[in-house]
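Chemist: The following file, work32.txt, comprises compact mmCIF, C-alpha atoms:
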```txt
# COMPACT_ATOMS: atom_id res chain seq x y z
CA MET P 9 -9.60 13.33 110.47
CA ALA P 10 -11.02 15.02 107.38
CA HIS P 11 -13.10 13.34 104.68
CA TYR P 12 -15.26 14.37 101.74
CA THR P 13 -18.46 13.34 99.98
CA ILE P 14 -19.77 14.23 96.53
CA ARG P 15 -23.50 14.40 95.75
CA LYS P 16 -25.06 14.72 92.33
CA ARG P 17 -27.80 17.28 91.95
CA PHE P 18 -29.68 18.95 89.13
CA ARG P 19 -29.87 22.68 88.50
CA ALA P 20 -32.06 23.85 85.61
CA ASP P 21 -32.10 20.27 84.35
CA GLN P 22 -28.28 20.25 84.28
CA PRO P 23 -26.32 17.93 86.59
CA VAL P 24 -24.01 19.57 89.16
CA PHE P 25 -21.81 18.01 91.81
CA CYS P 26 -21.69 19.27 95.38
CA ALA P 27 -18.49 18.42 97.26
CA SER P 28 -18.58 18.58 101.07
CA VAL P 29 -15.52 18.42 103.33
CA ILE P 30 -15.89 17.74 107.04
CA GLN P 31 -13.26 17.45 109.74
CA LYS P 32 -14.01 15.97 113.17
CA ASN P 33 -12.12 15.86 116.42
CA LYS P 34 -13.42 13.30 118.98
CA GLY P 35 -16.78 13.24 117.26
CA ILE P 36 -17.14 17.01 117.17
CA ILE P 37 -17.20 18.78 113.79
CA THR P 38 -14.34 21.30 113.73
CA PHE P 39 -14.51 22.20 110.05
CA SER P 40 -17.18 22.05 107.35
CA LYS P 41 -17.23 23.48 103.85
CA SER P 42 -19.15 22.76 100.62
CA LYS P 43 -18.79 23.88 97.01
CA THR P 44 -20.73 23.09 93.83
CA HIS P 45 -18.93 22.20 90.59
CA SER P 46 -20.02 21.53 87.04
CA SER P 47 -18.19 18.18 86.87
CA LYS P 48 -17.48 15.34 89.25
CA THR P 49 -13.77 15.52 88.42
CA ALA P 50 -13.53 19.17 89.43
CA ALA P 51 -15.49 18.50 92.63
CA ALA P 52 -13.19 15.63 93.60
CA LYS P 53 -10.06 17.68 92.89
CA TRP P 54 -11.25 20.58 95.04
CA ALA P 55 -12.24 18.27 97.89
CA LYS P 56 -9.00 16.28 97.84
CA ASN P 57 -6.91 19.45 97.89
CA LEU P 58 -8.87 20.81 100.84
CA VAL P 59 -8.62 17.53 102.76
CA SER P 60 -4.87 17.45 102.10
CA GLN P 61 -4.48 21.01 103.40
CA LEU P 62 -6.49 20.23 106.53
CA GLU P 63 -4.37 17.17 107.23
CA ILE P 64 -1.18 19.20 106.78
CA ASN P 65 -2.48 21.81 109.23
CA GLU P 66 -3.38 19.07 111.69
CA ALA P 67 0.10 17.58 111.34
CA MET P 68 1.64 20.98 111.97
CA ASN P 69 -0.40 21.32 115.15
CA HIS P 70 0.84 17.93 116.33
CA LEU P 71 4.40 19.08 115.68
CA GLY P 72 3.81 22.07 117.93
CA LEU P 73 4.14 24.66 115.17
CA LYS P 74 2.33 27.92 115.77
CA GLU P 75 0.50 30.29 113.46
CA MET P 76 1.81 33.83 113.20
CA THR P 77 1.24 36.79 110.90
CA LEU P 78 4.05 37.77 108.59
CA GLY P 79 4.47 41.05 110.47
CA ASP P 80 4.90 39.28 113.81
CA LEU P 81 7.25 36.76 112.20
CA ILE P 82 9.42 39.58 110.85
CA ASN P 83 9.50 41.35 114.23
CA GLU P 84 10.49 38.14 116.03
CA TYR P 85 13.17 37.45 113.45
CA MET P 86 14.62 40.97 113.77
CA ILE P 87 14.81 40.58 117.56
CA ARG P 88 16.62 37.26 117.22
CA LYS P 89 19.06 38.70 114.68
CA GLU P 90 19.82 41.71 116.86
CA LYS P 91 20.89 39.35 119.66
CA SER P 92 22.96 37.13 117.35
CA ASN P 93 26.58 37.33 116.22
CA ARG P 94 25.39 38.49 112.81
CA PRO P 95 22.88 41.33 113.20
CA LEU P 96 20.91 42.69 110.27
CA GLY P 97 22.55 45.27 108.06
CA ARG P 98 21.00 48.68 107.47
CA THR P 99 19.48 47.70 104.10
CA ALA P 100 17.79 44.54 105.43
CA SER P 101 16.59 46.29 108.57
CA TYR P 102 15.07 49.14 106.57
CA GLY P 103 13.51 46.66 104.14
CA TYR P 104 11.77 44.67 106.86
CA LYS P 105 10.48 47.84 108.52
CA THR P 106 9.00 48.83 105.17
CA ILE P 107 7.37 45.44 104.54
CA ILE P 108 5.47 45.41 107.84
CA LYS P 109 3.70 48.64 106.80
CA TYR P 110 1.91 46.83 103.96
CA PRO P 111 -1.26 44.66 104.12
CA ILE P 112 0.73 41.46 103.50
CA ALA P 113 2.11 41.80 107.04
CA GLU P 114 -1.39 41.16 108.40
CA LEU P 115 -1.68 37.80 106.64
CA VAL P 116 -1.02 34.54 108.51
CA SER P 117 2.35 33.25 107.29
CA SER P 118 1.07 29.75 106.45
CA LYS P 119 -1.79 31.20 104.37
CA ILE P 120 0.30 33.45 102.12
CA GLN P 121 -0.15 32.53 98.46
CA SER P 122 1.83 33.49 95.36
CA HIS P 123 -0.79 36.06 94.35
CA ASP P 124 -0.33 37.76 97.74
CA ILE P 125 3.36 38.23 96.90
CA VAL P 126 2.49 39.67 93.48
CA GLN P 127 -0.09 42.00 95.04
CA PHE P 128 2.49 43.24 97.57
CA CYS P 129 4.94 44.03 94.76
CA LEU P 130 2.26 45.94 92.84
CA GLN P 131 1.51 47.98 95.95
CA ARG P 132 5.22 48.71 96.42
CA LYS P 133 5.61 49.77 92.79
CA ASN P 134 2.61 52.13 92.99
CA SER P 135 3.63 53.64 96.33
CA GLU P 136 4.78 57.24 96.65
CA HIS P 137 8.40 56.10 96.92
CA ASN P 138 8.17 54.36 93.50
CA PRO P 139 10.98 51.86 94.23
CA SER P 140 12.97 50.30 91.41
CA PRO P 141 12.57 46.61 90.41
CA ALA P 142 15.92 45.96 92.11
CA THR P 143 14.62 47.37 95.42
CA ILE P 144 11.38 45.38 95.21
CA SER P 145 13.47 42.29 94.42
CA ILE P 146 15.30 42.80 97.73
CA ASP P 147 11.95 43.06 99.54
CA VAL P 148 10.79 39.76 98.02
CA SER P 149 14.06 38.10 99.04
CA LEU P 150 13.59 39.36 102.60
CA ILE P 151 10.09 37.87 102.75
CA ARG P 152 11.37 34.59 101.33
CA LYS P 153 14.12 34.51 103.98
CA VAL P 154 11.78 34.68 106.98
CA LEU P 155 9.33 32.22 105.43
CA ARG P 156 12.20 29.81 104.76
CA ILE P 157 13.68 29.80 108.27
CA GLY P 158 10.60 30.65 110.35
CA LYS P 159 9.83 26.98 111.03
CA SER P 160 13.29 26.00 112.25
CA LEU P 161 14.12 29.27 114.03
CA LEU P 162 10.82 30.19 115.65
CA GLY P 163 8.59 27.11 115.32
CA VAL P 164 6.21 28.94 113.00
CA HIS P 165 4.04 27.19 110.41
CA CYS P 166 5.37 28.69 107.15
CA ASN P 167 7.39 27.94 104.02
CA GLN P 168 8.90 29.76 101.05
CA GLN P 169 6.92 27.98 98.30
CA SER P 170 4.55 30.90 97.72
CA VAL P 171 7.48 33.20 96.92
CA ILE P 172 9.07 30.67 94.57
CA GLU P 173 5.78 30.27 92.68
CA ALA P 174 5.42 34.06 92.39
CA TYR P 175 8.76 34.67 90.65
CA GLN P 176 7.55 33.87 87.13
CA ALA P 177 4.74 36.43 87.34
CA LEU P 178 7.00 39.00 89.01
CA TYR P 179 9.58 38.78 86.22
CA ASP P 180 6.87 38.74 83.55
CA LEU P 181 5.39 41.97 84.92
CA ARG P 182 8.90 43.37 85.44
CA LEU P 183 8.13 44.08 89.05
CA ILE P 184 11.53 42.74 90.10
CA GLY P 185 14.90 42.78 88.39
CA LYS P 186 18.61 43.36 88.79
CA SER P 187 20.02 46.75 89.65
CA THR P 188 21.57 48.87 86.92
CA PRO P 189 25.38 48.72 87.17
CA ARG P 190 26.89 52.05 88.23
CA ASN P 191 30.04 53.44 86.65
CA ARG P 192 29.94 57.04 87.91
CA ARG P 193 33.28 58.70 88.54
CA LEU P 194 34.37 62.29 89.17
CA GLU P 195 34.34 64.10 85.85
CA CYS P 196 36.06 67.20 84.46
CA ASN P 197 36.72 69.58 87.37
CA GLU P 198 34.21 68.02 89.79
CA TYR P 199 37.01 67.09 92.20
CA ASN P 200 38.17 70.69 92.55
CA LYS P 201 34.62 72.03 92.73
CA LEU P 202 33.76 69.58 95.50
CA LEU P 203 36.99 70.27 97.37
CA ASN P 204 36.39 74.04 97.32
CA GLU P 205 32.76 73.82 98.37
CA LEU P 206 33.45 71.24 101.09
CA ALA P 207 36.20 73.53 102.41
CA LYS P 208 33.66 76.36 102.73
CA LYS P 209 31.24 73.99 104.45
CA THR P 210 33.95 72.81 106.84
CA GLU P 211 34.88 76.36 107.82
CA HIS P 212 31.29 77.39 108.55
CA HIS P 213 30.87 78.37 112.20
CA CYS P 214 27.93 76.00 112.70
CA ASN P 215 29.76 72.98 111.28
CA GLN P 216 31.74 70.40 113.26
CA ILE P 217 32.39 67.78 110.55
CA PRO P 218 35.78 67.93 108.73
CA TYR P 219 34.25 67.27 105.31
CA VAL P 220 37.47 67.87 103.34
CA SER P 221 39.54 65.44 105.43
CA ILE P 222 36.87 62.74 105.27
CA PHE P 223 36.43 63.28 101.52
CA GLU P 224 40.17 62.89 100.86
CA VAL P 225 40.56 59.89 103.17
CA SER P 226 37.62 58.19 101.43
CA LEU P 227 39.37 58.58 98.07
CA LEU P 228 42.78 57.46 99.35
CA THR P 229 41.54 54.39 101.26
CA CYS P 230 38.53 53.35 99.11
CA LEU P 231 36.67 52.74 102.38
CA ARG P 232 32.91 52.89 102.79
CA ILE P 233 31.80 55.92 104.79
CA SER P 234 30.70 53.64 107.66
CA GLU P 235 34.24 52.22 107.74
CA VAL P 236 35.83 55.67 107.70
CA THR P 237 33.77 56.75 110.72
CA SER P 238 34.76 53.53 112.55
CA LEU P 239 38.53 54.06 112.30
CA ARG P 240 40.27 54.12 115.70
CA TRP P 241 43.42 55.82 116.91
CA SER P 242 44.55 52.60 118.58
CA ASP P 243 44.46 50.78 115.23
CA LEU P 244 46.77 53.28 113.52
CA ASN P 245 50.29 51.90 113.02
CA LEU P 246 52.61 54.79 112.13
CA ALA P 247 55.68 52.57 111.77
CA ARG P 248 54.09 50.32 109.17
CA LYS P 249 51.88 53.08 107.70
CA THR P 250 48.76 50.94 108.08
CA ILE P 251 45.46 51.01 109.90
CA LEU P 252 43.10 48.24 110.97
CA VAL P 253 39.59 48.42 109.48
CA ARG P 254 37.18 46.60 111.77
CA ASP P 255 34.07 44.63 110.84
CA ARG P 256 34.30 45.13 107.08
CA LYS P 257 31.24 44.28 105.04
CA ASN P 258 31.32 40.64 103.97
CA PRO P 259 28.78 38.14 102.55
CA ASN P 260 29.58 35.81 105.46
CA GLY P 261 29.04 38.49 108.09
CA SER P 262 30.94 41.65 108.96
CA ARG P 263 31.47 41.07 112.69
CA GLY P 264 35.08 40.04 113.30
CA ASN P 265 36.08 40.60 109.67
CA HIS P 266 39.06 42.91 110.26
CA ASP P 267 41.51 44.08 107.57
CA GLN P 268 44.88 45.79 107.82
CA ILE P 269 45.18 48.26 104.93
CA PRO P 270 48.07 50.46 103.80
CA LEU P 271 47.76 54.23 104.07
CA LEU P 272 48.87 55.59 100.72
CA GLY P 273 49.54 59.15 99.60
CA ASN P 274 49.12 61.70 102.38
CA ALA P 275 46.43 59.69 104.23
CA ILE P 276 48.52 59.47 107.43
CA GLU P 277 49.10 63.24 107.47
CA ILE P 278 45.37 63.86 107.12
CA LEU P 279 44.56 61.47 109.96
CA LEU P 280 47.14 63.01 112.28
CA LEU P 281 45.61 66.47 111.75
CA GLN P 282 42.39 65.32 113.41
CA PRO P 283 41.85 66.25 117.10
CA ARG P 284 41.95 63.31 119.53
CA THR P 285 38.65 63.78 121.33
CA CYS P 286 37.79 60.07 121.72
CA ASP P 287 38.75 56.58 120.49
CA LEU P 288 37.42 57.28 116.98
CA ILE P 289 39.42 59.35 114.49
CA PHE P 290 36.23 60.65 112.85
CA PRO P 291 33.54 60.51 115.57
CA TYR P 292 30.65 61.58 113.35
CA LYS P 293 27.51 59.91 112.03
CA SER P 294 28.00 58.51 108.55
CA ARG P 295 24.48 59.51 107.49
CA SER P 296 25.16 63.13 108.50
CA ILE P 297 28.28 63.11 106.30
CA THR P 298 26.51 61.67 103.26
CA ALA P 299 23.59 64.08 103.73
CA GLY P 300 26.01 67.01 103.79
CA PHE P 301 27.74 65.63 100.69
CA ARG P 302 24.41 65.39 98.83
CA ARG P 303 23.54 68.99 99.71
CA THR P 304 26.95 70.14 98.51
CA CYS P 305 26.57 68.32 95.18
CA LYS P 306 23.14 69.85 94.69
CA LYS P 307 24.40 73.33 95.52
CA ILE P 308 27.19 73.26 92.91
CA GLY P 309 25.15 71.42 90.27
CA ILE P 310 26.82 67.99 90.36
CA LYS P 311 24.24 65.36 89.38
CA GLY P 312 24.16 61.58 89.73
CA LEU P 313 27.06 61.34 92.18
CA ARG P 314 26.69 59.35 95.39
CA TYR P 315 29.16 59.26 98.23
CA HIS P 316 29.69 55.53 97.69
CA ASP P 317 30.92 56.36 94.15
CA LEU P 318 34.07 57.71 95.79
CA ARG P 319 34.99 54.09 96.52
CA ARG P 320 34.94 53.39 92.76
CA GLU P 321 36.86 56.61 92.11
CA GLY P 322 39.56 55.64 94.58
CA ALA P 323 39.93 52.10 93.24
CA SER P 324 40.05 53.31 89.64
CA ARG P 325 42.71 55.90 90.48
CA LEU P 326 44.89 53.18 91.99
CA ILE P 327 44.54 51.02 88.86
CA GLU P 328 45.38 54.04 86.71
CA ALA P 329 48.41 54.73 88.89
CA GLY P 330 49.79 51.30 87.99
CA TYR P 331 48.73 49.16 90.97
CA SER P 332 47.65 45.60 90.12
CA ILE P 333 44.09 44.40 90.71
CA GLU P 334 45.38 42.13 93.51
CA GLU P 335 47.10 45.08 95.20
CA VAL P 336 43.97 47.21 94.95
CA ALA P 337 41.92 44.35 96.42
CA THR P 338 44.05 44.46 99.61
CA ILE P 339 42.77 48.01 100.08
CA THR P 340 39.14 47.63 98.99
CA GLY P 341 38.76 44.29 100.79
CA HIS P 342 37.36 42.42 97.79
CA LYS P 343 37.81 38.65 97.73
CA ASP P 344 36.25 38.34 94.27
CA MET P 345 38.41 40.08 91.68
CA ASN P 346 35.57 40.03 89.12
CA VAL P 347 33.41 42.18 91.41
CA LEU P 348 36.27 44.63 91.83
CA TRP P 349 36.80 44.85 88.06
CA GLN P 350 33.15 45.03 87.04
CA VAL P 351 31.67 47.17 89.82
CA TYR P 352 34.37 49.20 91.51
CA THR P 353 36.85 50.07 88.78
CA LYS P 354 36.32 52.09 85.62
CA ILE P 355 39.25 53.19 83.53
CA THR P 356 38.40 56.39 81.65
CA PRO P 357 39.25 56.96 77.96
CA ASP P 358 41.08 60.15 78.98
CA HIS P 359 43.51 58.11 81.04
CA LEU P 360 44.31 55.85 78.08
CA VAL P 361 44.83 58.86 75.80
CA GLU P 362 47.21 60.44 78.33
CA LYS P 363 49.08 57.14 78.69
CA ASP P 364 49.39 56.84 74.92
CA MET P 365 50.78 60.37 74.64
CA LEU P 366 53.25 59.66 77.42
CA ASN P 367 54.48 56.53 75.66
CA LYS P 368 54.90 58.42 72.38
CA SER P 369 56.99 61.10 74.08
CA LYS P 370 59.47 58.55 75.41
```
As a first step, turn the structure in this file into structure tokens.

Modeler:
Amino acid sequence: MAHYTIRKRFRADQPVFCASVIQKNKGIITFSKSKTHSSKTAAAKWAKNLVSQLEINEAMNHLGLKEMTLGDLINEYMIRKEKSNRPLGRTASYGYKTIIKYPIAELVSSKIQSHDIVQFCLQRKNSEHNPSPATISIDVSLIRKVLRIGKSLLGVHCNQQSVIEAYQALYDLRLIGKSTPRNRRLECNEYNKLLNELAKKTEHHCNQIPYVSIFEVSLLTCLRISEVTSLRWSDLNLARKTILVRDRKNPNGSRGNHDQIPLLGNAIEILLLQPRTCDLIFPYKSRSITAGFRRTCKKIGIKGLRYHDLRREGASRLIEAGYSIEEVATITGHKDMNVLWQVYTKITPDHLVEKDMLNKSK
């Protein structure tokens, strides 16, 4: 049980108030701390807050909750997630591995304050990687997640209040924010330039990845590169001209989220040209493909284009070809049409001009 006393003293003929907090367990003092204040009100406030905190800690001990550093909490959480039906995605996994490299990971989870969160964000911003406010915002969300569920999942003394209290300062300092919407598409003759250079790369004697085939399939199917490299021969239905895409990315978890999509254009012909060496049609690492794509773009002077932008390019081409937004969604896998419109489709002015000229010629 903790209690406090306040004693009036004089310092240079001015009254001061010394607040003392003591906690005992079976007659033995387990905690003792004193602090001098200029007013009795301030002394009482400090003492009451400290007594309240001590009583909360004591209650947590009675409940069997354990203390754990944020780094250990994150590691335990990652282990649990890996064994669950909904393992961490690549972004979350990378984010947590980054967080545990910072000093905040050494702090006891129950002792983390809002200023600790702000300090972490400042350290992230000033690091050599210089992450964007959107990236730091993801990091903060990851910390909040483990602090929110640590008690129920792992029996750890922690809560998310410190993160909630830090948000106002984080937004005020512009340390966190939303990501800038992307609208990049293939421009001018970038398609032909990429196709030619990827063909040279594919034919190189040291290369094993069919870059051209994967590039064209990505455009025709609007699939993420991780989904392209997960396509299986057994899921290809030649009669219906469809293929099953397994474990598609979904807010409710990707595992078990399978989609049957149509194979438009010459997608089937491209797939059938691939050698059947194993169950996968494209048995290559997705990161190796995107790395090769980046090097190709750099070599031919294409700037600001990411491999994932091909998903937007493919969806936009389908819209421009006359497919409805609902029909395109059956290919992209979007359940929210607004996301598909705002993020993954971008109709170019050139297309509208061409359409207008076509209408005038009729």

Chemist: Counting all atoms listed in the file, which of P:Lys293, P:Lys343, P:His266, P:Arg325 gets nearest to Ile251 of chain P?

Modeler: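 Of the candidates, the smallest distance to Ile251 of chain P is held by P:His266.
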
Chemist: Return as a tab-separated table the residues of segment 144-184 of chain P lying at most 10 Å from segment 97-118 of chain P, together with the closest atom-to-atom pair for each and the distance in Å to one decimal, counting all atoms listed in the file, with rows in chain order and ascending residue number.

Modeler:
```
residue	atom	partner	partner_atom	distance
P:Ile144	CA	P:Gly103	CA	9.3
P:Ile146	CA	P:Gly103	CA	7.7
P:Asp147	CA	P:Gly103	CA	6.0
P:Val148	CA	P:Ile107	CA	9.3
P:Ser149	CA	P:Ala100	CA	9.8
P:Leu150	CA	P:Tyr104	CA	7.0
P:Ile151	CA	P:Tyr104	CA	8.1
P:Val154	CA	P:Ser117	CA	9.5
P:Leu155	CA	P:Ser117	CA	7.3
P:Gly158	CA	P:Ser117	CA	9.2
P:Val164	CA	P:Ser117	CA	8.1
P:His165	CA	P:Ser118	CA	5.6
P:Cys166	CA	P:Ser118	CA	4.5
P:Asn167	CA	P:Ser118	CA	7.0
P:Gln168	CA	P:Ser118	CA	9.5
P:Ser170	CA	P:Ser118	CA	9.5
```

Chemist: Which of these, P:Leu271, P:Leu161, P:Ser238, P:Phe290, has the shortest distance to Ile217 of chain P once you count all atoms listed in the file?

Modeler: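 Between P:Leu271, P:Leu161, P:Ser238, P:Phe290, the residue approaching Ile217 of chain P most closely is P:Phe290.
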
Chemist: Determine the nearest neighbour of Leu288 of chain P from the options P:Lys257, P:Arg303, P:Lys16, P:Arg240, counting all atoms listed in the file.

Modeler: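 For Leu288 of chain P, the nearest of the candidates is P:Arg240.
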
Chemist: For Val126 of chain P, work out the shell of residues within 7 Å, counting only C-alpha atoms and skipping chain neighbours fewer than 4 positions away, then give it as a list in words.

Modeler: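 Residues meeting the cut-off are Ser122, Leu130, Ala174 and Leu178 of chain P.
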
Chemist: Please provide as a VMD selection string all residues within 6 Å of segment 183-190 of chain P, with the sequence filter that same-chain residues fewer than 2 positions apart are discarded (counting only C-alpha atoms).

Modeler: chain P and resid 141 to 142 144 to 145 178 to 179 181 192

Chemist: Quote the spacing between atom CA of His213 of chain P and atom CA of Ile233 of chain P in Å to one decimal place.

Modeler: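 Here the two named atoms are 23.7 Å from each other.
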
Chemist: Using Å and a single decimal, report how far atom CA of Leu239 of chain P sits from atom CA of Asn200 of chain P.

Modeler: 25.8 Å

Chemist: Please report the interatomic distance between atom CA of Ile339 of chain P and atom CA of Thr143 of chain P in Å with one decimal.

Modeler: 28.5 Å

Chemist: Please provide the set of residues having any atom within 7 Å of Asp317 of chain P, restricted to only C-alpha atoms, with same-chain residues fewer than 4 positions apart removed, written as a PyMOL selection string.

Modeler: chain P and resi 192-193+313+321

Chemist: Give the centre and edge lengths of an axis-aligned box, in Å to one decimal, that holds all listed atoms of segment 333-347 of chain P with 5 Å on each side, as AutoDock Vina command-line options.

Modeler:
```
--center_x 40.3 --center_y 43.2 --center_z 95.0 --size_x 23.7 --size_y 19.7 --size_z 21.7
```

Chemist: Taking all atoms listed in the file into account, name the residue in P:Asn33, P:Cys230, P:Asn204, P:Thr250 that is nearest to Arg320 of chain P.

Modeler: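 Nearest candidate to Arg320 of chain P out of P:Asn33, P:Cys230, P:Asn204, P:Thr250: P:Cys230.
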